[in-house]
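Novice: One file: input.pdb (PDB, C-alpha atoms and all ligand atoms).
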ATOM      1  CA  MET A 229      -3.504   1.569 -16.929
ATOM      2  CA  LYS A 230      -0.732   3.818 -15.726
ATOM      3  CA  ASP A 231       1.441   2.402 -12.950
ATOM      4  CA  THR A 232       1.274   5.125 -10.307
ATOM      5  CA  SER A 233       3.828   3.620  -8.018
ATOM      6  CA  SER A 234       7.113   4.543  -9.687
ATOM      7  CA  PRO A 235       8.235   6.995  -6.969
ATOM      8  CA  MET A 236       8.229   4.127  -4.534
ATOM      9  CA  THR A 237       9.994   1.553  -6.684
ATOM     10  CA  GLU A 238      13.246   3.295  -7.510
ATOM     11  CA  ARG A 239      15.221   2.021  -4.550
ATOM     12  CA  PRO A 240      17.771  -0.722  -5.117
ATOM     13  CA  ALA A 241      16.428  -4.254  -4.761
ATOM     14  CA  ASP A 242      18.435  -5.032  -1.634
ATOM     15  CA  ASP A 243      17.152  -1.950   0.191
ATOM     16  CA  ALA A 244      13.640  -3.096   1.055
ATOM     17  CA  VAL A 245      11.954  -4.618   4.062
ATOM     18  CA  VAL A 246       9.029  -5.556   1.868
ATOM     19  CA  ARG A 247       8.423  -4.948  -1.793
ATOM     20  CA  CYS A 248       5.294  -5.554  -3.806
ATOM     21  CA  THR A 249       4.920  -5.501  -7.554
ATOM     22  CA  GLY A 250       1.736  -5.293  -9.579
ATOM     23  CA  LEU A 251      -0.454  -6.431  -6.701
ATOM     24  CA  ALA A 252      -4.103  -7.058  -7.356
ATOM     25  CA  ARG A 253      -6.768  -8.395  -5.041
ATOM     26  CA  THR A 254     -10.293  -9.149  -6.132
ATOM     27  CA  PHE A 255     -12.888 -10.432  -3.697
ATOM     28  CA  GLY A 256     -15.652 -12.654  -5.055
ATOM     29  CA  SER A 257     -16.174 -13.414  -8.703
ATOM     30  CA  GLY A 258     -18.386 -12.655 -11.653
ATOM     31  CA  ARG A 259     -20.864  -9.845 -11.207
ATOM     32  CA  ALA A 260     -20.317  -9.864  -7.446
ATOM     33  CA  ALA A 261     -16.557  -9.286  -7.791
ATOM     34  CA  THR A 262     -15.005  -6.366  -5.927
ATOM     35  CA  VAL A 263     -11.648  -5.162  -7.158
ATOM     36  CA  ALA A 264     -10.072  -3.981  -3.917
ATOM     37  CA  LEU A 265      -6.557  -3.438  -5.330
ATOM     38  CA  HIS A 266      -5.140  -3.242  -8.788
ATOM     39  CA  ARG A 267      -1.580  -2.804 -10.007
ATOM     40  CA  VAL A 268      -0.139  -1.664  -6.708
ATOM     41  CA  SER A 269       3.620  -1.610  -6.438
ATOM     42  CA  CYS A 270       5.474  -0.369  -3.400
ATOM     43  CA  THR A 271       8.703  -0.559  -1.493
ATOM     44  CA  VAL A 272       9.080  -0.178   2.248
ATOM     45  CA  PRO A 273      12.704   0.660   3.047
ATOM     46  CA  PRO A 274      14.317  -0.231   6.374
ATOM     47  CA  GLY A 275      13.385   2.240   9.080
ATOM     48  CA  ALA A 276      10.579   3.778   6.986
ATOM     49  CA  ARG A 277       7.791   5.768   8.675
ATOM     50  CA  ILE A 278       4.878   5.678   6.271
ATOM     51  CA  ALA A 279       1.286   6.811   6.775
ATOM     52  CA  LEU A 280      -1.270   5.349   4.407
ATOM     53  CA  SER A 281      -4.478   7.324   3.921
ATOM     54  CA  GLY A 282      -7.396   7.351   1.532
ATOM     55  CA  PRO A 283     -11.170   7.170   1.505
ATOM     56  CA  SER A 284     -13.064   4.361   3.146
ATOM     57  CA  GLY A 285     -13.051   1.324   0.855
ATOM     58  CA  SER A 286     -10.019   2.498  -1.141
ATOM     59  CA  GLY A 287      -8.019  -0.612  -0.248
ATOM     60  CA  LYS A 288      -5.833   0.339   2.733
ATOM     61  CA  SER A 289      -6.651  -2.707   4.884
ATOM     62  CA  THR A 290      -6.424  -4.997   1.879
ATOM     63  CA  LEU A 291      -2.912  -3.717   1.129
ATOM     64  CA  LEU A 292      -1.753  -3.998   4.749
ATOM     65  CA  HIS A 293      -3.086  -7.552   5.004
ATOM     66  CA  LEU A 294      -1.193  -8.494   1.858
ATOM     67  CA  LEU A 295       2.005  -6.821   3.109
ATOM     68  CA  ALA A 296       1.552  -8.771   6.335
ATOM     69  CA  GLY A 297       1.205 -12.049   4.461
ATOM     70  CA  LEU A 298      -2.237 -12.600   5.968
ATOM     71  CA  ASP A 299      -3.874 -12.704   2.550
ATOM     72  CA  GLU A 300      -2.846 -13.845  -0.923
ATOM     73  CA  PRO A 301      -2.905 -11.509  -3.905
ATOM     74  CA  THR A 302      -5.019 -12.405  -6.919
ATOM     75  CA  ALA A 303      -2.070 -11.280  -9.067
ATOM     76  CA  GLY A 304       1.343  -9.744  -8.485
ATOM     77  CA  GLU A 305       4.149 -10.492  -6.075
ATOM     78  CA  ILE A 306       5.294  -9.626  -2.584
ATOM     79  CA  SER A 307       8.753 -10.295  -1.235
ATOM     80  CA  TRP A 308      10.037  -9.834   2.259
ATOM     81  CA  SER A 309      13.653 -10.300   1.239
ATOM     82  CA  GLY A 310      14.828  -7.653   3.685
ATOM     83  CA  LEU A 311      13.409  -9.724   6.542
ATOM     84  CA  GLY A 312      15.200 -12.893   5.560
ATOM     85  CA  GLY A 313      11.919 -14.768   5.671
ATOM     86  CA  PRO A 314      10.705 -17.692   3.642
ATOM     87  CA  PRO A 315       9.903 -16.999  -0.013
ATOM     88  CA  HIS A 316       6.220 -17.705   0.600
ATOM     89  CA  GLY A 317       4.102 -16.819   3.584
ATOM     90  CA  ARG A 318       4.463 -14.200   6.243
ATOM     91  CA  PRO A 319       7.847 -13.971   7.904
ATOM     92  CA  GLY A 320       7.725 -14.077  11.686
ATOM     93  CA  THR A 321       9.316 -10.668  11.979
ATOM     94  CA  VAL A 322       6.193  -8.771  10.889
ATOM     95  CA  GLY A 323       4.138  -7.261  13.710
ATOM     96  CA  LEU A 324       0.511  -6.272  13.252
ATOM     97  CA  VAL A 325      -1.626  -3.847  15.227
ATOM     98  CA  PHE A 326      -5.331  -3.687  14.409
ATOM     99  CA  GLN A 327      -7.997  -1.113  15.072
ATOM    100  CA  GLY A 328     -10.293  -3.065  17.341
ATOM    101  CA  PRO A 329      -9.732  -5.171  20.412
ATOM    102  CA  SER A 330      -7.280  -7.945  19.667
ATOM    103  CA  LEU A 331      -6.334  -9.243  23.113
ATOM    104  CA  LEU A 332      -7.499 -12.660  24.279
ATOM    105  CA  PRO A 333     -10.099 -11.986  26.978
ATOM    106  CA  ASP A 334      -9.122 -14.776  29.376
ATOM    107  CA  LEU A 335      -5.438 -13.870  29.554
ATOM    108  CA  ASP A 336      -4.070 -10.934  31.504
ATOM    109  CA  VAL A 337      -2.042  -8.322  29.653
ATOM    110  CA  ARG A 338       1.340  -9.850  30.450
ATOM    111  CA  GLU A 339       0.142 -13.259  29.266
ATOM    112  CA  ASN A 340      -1.313 -11.698  26.117
ATOM    113  CA  VAL A 341       1.989  -9.989  25.381
ATOM    114  CA  ALA A 342       3.906 -13.224  26.021
ATOM    115  CA  LEU A 343       1.611 -15.420  23.934
ATOM    116  CA  PRO A 344       3.207 -14.975  20.487
ATOM    117  CA  LEU A 345       6.605 -15.761  22.014
ATOM    118  CA  ILE A 346       5.249 -18.892  23.716
ATOM    119  CA  LEU A 347       3.569 -19.983  20.476
ATOM    120  CA  GLY A 348       6.909 -19.400  18.764
ATOM    121  CA  GLY A 349       8.608 -21.831  21.129
ATOM    122  CA  THR A 350      10.010 -19.550  23.841
ATOM    123  CA  PRO A 351       9.751 -21.185  27.286
ATOM    124  CA  GLU A 352       6.819 -19.719  29.217
ATOM    125  CA  GLN A 353       8.778 -18.142  32.067
ATOM    126  CA  THR A 354      11.255 -16.535  29.648
ATOM    127  CA  ALA A 355       8.375 -15.223  27.534
ATOM    128  CA  LEU A 356       6.585 -13.798  30.582
ATOM    129  CA  ARG A 357       9.781 -12.076  31.711
ATOM    130  CA  ALA A 358      10.243 -10.595  28.221
ATOM    131  CA  ALA A 359       6.612  -9.448  28.224
ATOM    132  CA  GLY A 360       7.138  -7.725  31.573
ATOM    133  CA  ASP A 361      10.237  -5.964  30.199
ATOM    134  CA  VAL A 362       8.363  -4.684  27.143
ATOM    135  CA  LEU A 363       5.480  -3.429  29.274
ATOM    136  CA  ARG A 364       7.941  -1.592  31.528
ATOM    137  CA  ARG A 365       9.611   0.009  28.504
ATOM    138  CA  LEU A 366       6.198   1.228  27.329
ATOM    139  CA  GLN A 367       5.481   2.548  30.828
ATOM    140  CA  ALA A 368       2.600   0.096  30.985
ATOM    141  CA  ALA A 369       3.847  -2.151  33.789
ATOM    142  CA  ASP A 370       0.743  -1.229  35.797
ATOM    143  CA  LEU A 371      -1.375  -2.998  33.170
ATOM    144  CA  ALA A 372       0.452  -6.337  33.391
ATOM    145  CA  ALA A 373      -1.993  -8.133  35.696
ATOM    146  CA  LYS A 374      -5.179  -6.631  34.260
ATOM    147  CA  LEU A 375      -7.634  -8.511  32.071
ATOM    148  CA  PRO A 376      -8.524  -6.912  28.713
ATOM    149  CA  GLU A 377     -12.033  -6.084  29.967
ATOM    150  CA  GLU A 378     -10.467  -3.872  32.643
ATOM    151  CA  LEU A 379      -8.601  -1.719  30.105
ATOM    152  CA  SER A 380      -9.549   1.539  28.430
ATOM    153  CA  GLY A 381      -9.287   1.692  24.623
ATOM    154  CA  GLY A 382      -5.920   3.424  24.793
ATOM    155  CA  GLN A 383      -4.565   0.969  27.356
ATOM    156  CA  ALA A 384      -5.717  -1.957  25.223
ATOM    157  CA  GLN A 385      -3.927  -0.489  22.209
ATOM    158  CA  ARG A 386      -0.735  -0.002  24.236
ATOM    159  CA  ALA A 387      -0.988  -3.648  25.289
ATOM    160  CA  ALA A 388      -1.507  -4.652  21.649
ATOM    161  CA  VAL A 389       1.569  -2.636  20.680
ATOM    162  CA  ALA A 390       3.529  -4.300  23.493
ATOM    163  CA  ARG A 391       2.523  -7.711  22.154
ATOM    164  CA  VAL A 392       3.831  -6.788  18.731
ATOM    165  CA  LEU A 393       7.082  -5.420  20.151
ATOM    166  CA  ALA A 394       7.764  -8.519  22.207
ATOM    167  CA  GLY A 395       8.308 -10.321  18.894
ATOM    168  CA  ARG A 396      10.962  -7.711  17.934
ATOM    169  CA  PRO A 397       9.579  -7.236  14.413
ATOM    170  CA  ALA A 398      11.581  -5.520  11.659
ATOM    171  CA  LEU A 399       8.297  -4.393  10.077
ATOM    172  CA  ILE A 400       5.305  -3.060  12.015
ATOM    173  CA  LEU A 401       1.998  -2.698  10.185
ATOM    174  CA  ALA A 402      -0.781  -0.860  12.006
ATOM    175  CA  ASP A 403      -4.277  -0.729  10.524
ATOM    176  CA  GLU A 404      -6.046   2.351  11.917
ATOM    177  CA  PRO A 405      -4.671   1.740  15.406
ATOM    178  CA  THR A 406      -6.215   4.963  16.717
ATOM    179  CA  GLY A 407      -9.559   4.620  14.937
ATOM    180  CA  GLN A 408     -11.510   4.016  18.137
ATOM    181  CA  LEU A 409      -9.571   6.380  20.391
ATOM    182  CA  ASP A 410     -10.020  10.022  21.314
ATOM    183  CA  HIS A 411      -7.454  12.451  19.925
ATOM    184  CA  GLN A 412      -5.198  12.635  22.962
ATOM    185  CA  THR A 413      -5.156   8.888  23.568
ATOM    186  CA  GLY A 414      -4.587   8.241  19.874
ATOM    187  CA  ASP A 415      -1.684  10.663  19.899
ATOM    188  CA  ARG A 416      -0.114   8.757  22.777
ATOM    189  CA  VAL A 417      -0.507   5.442  20.970
ATOM    190  CA  ILE A 418       1.216   6.897  17.891
ATOM    191  CA  THR A 419       4.077   8.111  20.101
ATOM    192  CA  VAL A 420       4.396   4.626  21.562
ATOM    193  CA  LEU A 421       4.464   3.089  18.071
ATOM    194  CA  LEU A 422       7.032   5.587  16.754
ATOM    195  CA  ASN A 423       9.281   5.165  19.800
ATOM    196  CA  ALA A 424       8.976   1.405  19.563
ATOM    197  CA  ALA A 425       9.864   1.419  15.873
ATOM    198  CA  ASP A 426      12.886   3.620  16.687
ATOM    199  CA  GLU A 427      14.001   1.317  19.458
ATOM    200  CA  LEU A 428      13.726  -1.778  17.261
ATOM    201  CA  GLY A 429      15.043  -0.099  14.124
ATOM    202  CA  ALA A 430      11.822  -1.321  12.508
ATOM    203  CA  ALA A 431       9.925   0.055   9.545
ATOM    204  CA  LEU A 432       6.424   1.285  10.367
ATOM    205  CA  VAL A 433       3.446   1.529   8.006
ATOM    206  CA  ILE A 434       0.241   2.820   9.497
ATOM    207  CA  SER A 435      -3.157   3.424   7.903
ATOM    208  CA  THR A 436      -5.217   6.288   9.209
ATOM    209  CA  HIS A 437      -8.102   8.650   8.504
ATOM    210  CA  ASP A 438      -6.874  11.142  11.092
ATOM    211  CA  PRO A 439      -5.101  14.275   9.767
ATOM    212  CA  ALA A 440      -3.378  14.710  13.148
ATOM    213  CA  VAL A 441      -1.831  11.248  12.804
ATOM    214  CA  LEU A 442      -0.848  11.942   9.190
ATOM    215  CA  ASP A 443       0.937  15.089  10.363
ATOM    216  CA  ARG A 444       3.330  13.001  12.398
ATOM    217  CA  PHE A 445       4.637  11.124   9.348
ATOM    218  CA  THR A 446       6.998  12.540   6.759
ATOM    219  CA  GLU A 447       6.262   9.930   4.120
ATOM    220  CA  ARG A 448       2.675   9.470   3.031
ATOM    221  CA  TRP A 449       1.004   7.124   0.651
ATOM    222  CA  THR A 450      -2.521   7.657  -0.537
ATOM    223  CA  MET A 451      -4.938   5.055  -1.863
ATOM    224  CA  ARG A 452      -7.633   5.878  -4.376
ATOM    225  CA  ASP A 453      -9.981   3.227  -5.746
ATOM    226  CA  GLY A 454      -7.521   0.416  -5.181
ATOM    227  CA  THR A 455      -4.430   2.148  -6.543
ATOM    228  CA  LEU A 456      -1.549   3.630  -4.604
ATOM    229  CA  ILE A 457      -0.165   7.079  -5.197
ATOM    230  CA  ALA A 458       2.696   8.776  -3.404
ATOM    231  CA  ALA A 459       2.030  12.040  -1.650
ATOM    232  CA  PRO A 460       4.719  14.346  -0.291
ATOM    233  CA  GLY A 461       5.051  14.656   3.456
ATOM    234  CA  PRO A 462       5.713  17.956   5.227
ATOM    235  CA  GLY A 463       9.395  17.374   5.902
ATOM    236  CA  LYS A 464      10.775  15.508   2.942
ATOM    237  CA  GLY A 465       8.950  16.498  -0.213
ATOM    238  CA  ALA A 466       8.108  13.696  -2.597
ATOM    239  CA  PRO A 467       9.361  10.234  -1.661
ATOM    240  CA  SER A 468      12.506   9.204  -3.476
TER     241      SER A 468
HETATM  242  N1  LIG B 501     -13.229  -9.998   2.655
HETATM  243  C1  LIG B 501     -13.807  -9.211   1.758
HETATM  244  N2  LIG B 501     -14.786  -9.658   0.959
HETATM  245  C2  LIG B 501     -15.368  -8.876   0.019
HETATM  246  N3  LIG B 501     -15.008  -7.593  -0.193
HETATM  247  C3  LIG B 501     -14.028  -7.079   0.575
HETATM  248  C4  LIG B 501     -13.383  -7.858   1.585
HETATM  249  N4  LIG B 501     -12.444  -7.082   2.176
HETATM  250  C5  LIG B 501     -12.514  -5.871   1.580
HETATM  251  N5  LIG B 501     -13.452  -5.881   0.616
HETATM  252  C6  LIG B 501     -13.796  -4.758  -0.276
HETATM  253  O1  LIG B 501     -12.586  -4.261  -0.828
HETATM  254  C7  LIG B 501     -12.612  -2.845  -0.899
HETATM  255  C8  LIG B 501     -11.434  -2.286  -0.114
HETATM  256  O2  LIG B 501     -11.666  -2.530   1.268
HETATM  257  P1  LIG B 501     -10.609  -2.146   2.392
HETATM  258  O3  LIG B 501     -11.137  -2.668   3.687
HETATM  259  O4  LIG B 501      -9.256  -2.570   1.972
HETATM  260  O5  LIG B 501     -10.695  -0.548   2.360
HETATM  261  P2  LIG B 501     -10.107   0.515   3.413
HETATM  262  O6  LIG B 501      -9.481   1.611   2.611
HETATM  263  O7  LIG B 501      -9.256  -0.170   4.415
HETATM  264  O8  LIG B 501     -11.457   1.042   4.069
HETATM  265  P3  LIG B 501     -11.677   1.659   5.563
HETATM  266  O9  LIG B 501     -10.936   2.962   5.582
HETATM  267  O10 LIG B 501     -13.167   1.855   5.618
HETATM  268  O11 LIG B 501     -11.165   0.659   6.548
HETATM  269  C9  LIG B 501     -13.970  -2.407  -0.382
HETATM  270  O12 LIG B 501     -14.831  -2.248  -1.470
HETATM  271  C10 LIG B 501     -14.406  -3.591   0.475
HETATM  272  O13 LIG B 501     -15.807  -3.678   0.518
END
Mind converting the file's structure to structure tokens?

Specialist:
Amino acid sequence: MKDTSSPMTERPADDAVVRCTGLARTFGSGRAATVALHRVSCTVPPGARIALSGPSGSGKSTLLHLLAGLDEPTAGEISWSGLGGPPHGRPGTVGLVFQGPSLLPDLDVRENVALPLILGGTPEQTALRAAGDVLRRLQAADLAAKLPEELSGGQAQRAAVARVLAGRPALILADEPTGQLDHQTGDRVITVLLNAADELGAALVISTHDPAVLDRFTERWTMRDGTLIAAPGPGKGAPS
């Protein structure tokens, strides 16, 4: 089968936040097997802004989960050499934003944002202060004392983004973060993500079905039936 990923693999080896080669992921086995990904190779350069689109079931979430180190490929390799992480497993400097609610219901927003830092060994008061700072930077300080059940969808997503930012990731992966939001709220969440990635100097890869979200990204990848193809964005032409 033709490797469709060559436009995204021509960068030098030391210029990648994450690189994957020949990735495959099959769920189940025998006649029940689903090939979610096959022969996907990609490179995410530092500071990249990439939108990943494609039909439902084409493999977007599967790819993001593999790039996040949350799942293991059936074949192929992933390296996070640009993040200085361990050779195996997800480096701590990857931040993930999901589509649905992801906040712990019994913690207020500030505690939710602080939690990954606390779990990573930061003293609680320091982590809570850092969480408050991030919420202020996202103009979400008014949410700090609220419980997740008191938040709108857009507010909950801003809190989820704040939680990711508190960890100061060098790579942010967002799986349809606006999928449950109306257009205007979704647009605001994308602005927050883009500004946050700028502030951190992080690479951002986001999957979306929304053409309005796609329009905000100059580099686009498209998935079809478990393979990845590069598509030119409006500003840059084909990825180099
Ligand atoms: N845990 C799983 N077990 C079995 N099959 C799975 C699993 N996760 C994904 N799949 C299958 O892998 C394929 C790719 O799914 P994936 O969720 O990656 O697609 P997607 O492009 O993200 O879809 P959507 O846009 O609807 O979120 C689909 O056929 C799906 O049913």

Novice: Determine the residue membership of the PyMOL selection byres (((not hetatm)) within 6 of (chain B and resi 501)) for the file above and supply it as a PyMOL selection string.

Specialist: chain A and resi 255+262+264+283-290

Novice: What separation in Å, quoted to one decimal, exists between CA of Ala358 (chain A) and CA of Val433 (chain A)?

Specialist: 24.5 Å

Novice: How far is it from CA of Arg416 (chain A) to CA of Gly323 (chain A), in Å with one decimal?

Specialist: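 Computing it gives 18.9 Å between the two atoms.
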
Novice: What does the PyMOL selection byres (((chain A and resi 345) around 9) and not hetatm) select in this file, as a ChimeraX atom specification?

Specialist: /A:341-344,346-352,354-356,358-359,394-395

Novice: Rounded to one decimal place, report the CA of Trp308 (chain A)-CA of Gln327 (chain A) distance in Å.

Specialist: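 Distance reported for this atom pair: 23.8 Å.
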
Novice: So which residues fall inside 12 Å of (-1.5, -14.7, -0.4) if we count only C-alpha atoms? Mind giving them as a ChimeraX atom specification?

Specialist: /A:248,251-254,290-307,315-318

Novice: Might you spell out which residues the PyMOL selection byres (((chain A and resi 439-445) around 10) and not hetatm) would select in the displayed file, as an mmCIF file with C-alpha atoms, keeping the file's coordinate frame?

Specialist:
data_model
loop_
_atom_site.group_PDB
_atom_site.id
_atom_site.type_symbol
_atom_site.label_atom_id
_atom_site.label_comp_id
_atom_site.auth_asym_id
_atom_site.auth_seq_id
_atom_site.Cartn_x
_atom_site.Cartn_y
_atom_site.Cartn_z
ATOM 1 C CA ALA A 276 10.579 3.778 6.986
ATOM 2 C CA ARG A 277 7.791 5.768 8.675
ATOM 3 C CA ILE A 278 4.878 5.678 6.271
ATOM 4 C CA ALA A 279 1.286 6.811 6.775
ATOM 5 C CA LEU A 280 -1.270 5.349 4.407
ATOM 6 C CA SER A 281 -4.478 7.324 3.921
ATOM 7 C CA GLU A 404 -6.046 2.351 11.917
ATOM 8 C CA THR A 406 -6.215 4.963 16.717
ATOM 9 C CA HIS A 411 -7.454 12.451 19.925
ATOM 10 C CA GLY A 414 -4.587 8.241 19.874
ATOM 11 C CA ASP A 415 -1.684 10.663 19.899
ATOM 12 C CA ILE A 418 1.216 6.897 17.891
ATOM 13 C CA THR A 419 4.077 8.111 20.101
ATOM 14 C CA LEU A 422 7.032 5.587 16.754
ATOM 15 C CA VAL A 433 3.446 1.529 8.006
ATOM 16 C CA ILE A 434 0.241 2.820 9.497
ATOM 17 C CA SER A 435 -3.157 3.424 7.903
ATOM 18 C CA THR A 436 -5.217 6.288 9.209
ATOM 19 C CA HIS A 437 -8.102 8.650 8.504
ATOM 20 C CA ASP A 438 -6.874 11.142 11.092
ATOM 21 C CA THR A 446 6.998 12.540 6.759
ATOM 22 C CA GLU A 447 6.262 9.930 4.120
ATOM 23 C CA ARG A 448 2.675 9.470 3.031
ATOM 24 C CA TRP A 449 1.004 7.124 0.651
ATOM 25 C CA GLY A 461 5.051 14.656 3.456
ATOM 26 C CA PRO A 462 5.713 17.956 5.227
ATOM 27 C CA GLY A 463 9.395 17.374 5.902
ATOM 28 C CA LYS A 464 10.775 15.508 2.942
#

Novice: Of the candidates A:Arg391, A:Arg259, A:Arg396, A:Arg452, which one gets nearest to Ala431 (chain A) if we count all atoms listed in the file?

Specialist: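 Nearest to Ala431 (chain A): A:Arg396.
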
Novice: Kindly list the centre and edge lengths in Å, rounded to one decimal, for the axis-aligned box that covers all listed atoms of region 412-419 of chain A plus 6 Å on each of its six sides, as lines of an AutoDock Vina configuration file.

Specialist:
center_x = -0.6
center_y = 9.0
center_z = 20.7
size_x = 21.3
size_y = 19.2
size_z = 17.7

Novice: Using only C-alpha atoms, which residues sit within 8 Å of Pro273 (chain A) once same-chain residues fewer than 6 positions away are excluded, as a PyMOL selection string?

Specialist: chain A and resi 243-246+431

Novice: Which one is closest to Asp410 (chain A): A:Gly382, A:Arg365, A:Ala390, A:Ser309? Count all atoms listed in the file.

Specialist: A:Gly382

Novice: Rank A:Leu379, A:Val325, A:Leu393, A:Asp334 by their smallest atom-to-atom distance to Gly429 (chain A), using all atoms listed in the file, and report the top residue only.

Specialist: A:Leu393

Novice: Using only C-alpha atoms, pick whichever of A:Leu331, A:Ile457, A:Ala261, A:Leu375 has the shortest atom-to-atom distance to Val392 (chain A).

Specialist: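 Of A:Leu331, A:Ile457, A:Ala261, A:Leu375, the one nearest Val392 (chain A) is A:Leu331, counting only C-alpha atoms.
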
Novice: Between A:Leu399, A:Leu432, A:Val389, A:Ala458, which is the closest to Val417 (chain A) once you count all atoms listed in the file?

Specialist: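 Looking at the shortest contact to Val417 (chain A), the residue is A:Val389.
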
Novice: Would you please work out which residue, of A:Ala260, A:Leu265, A:Ala387, A:Leu371, is nearest to Thr455 (chain A) when using only C-alpha atoms?

Specialist: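 Smallest separation from Thr455 (chain A) among the options: A:Leu265.
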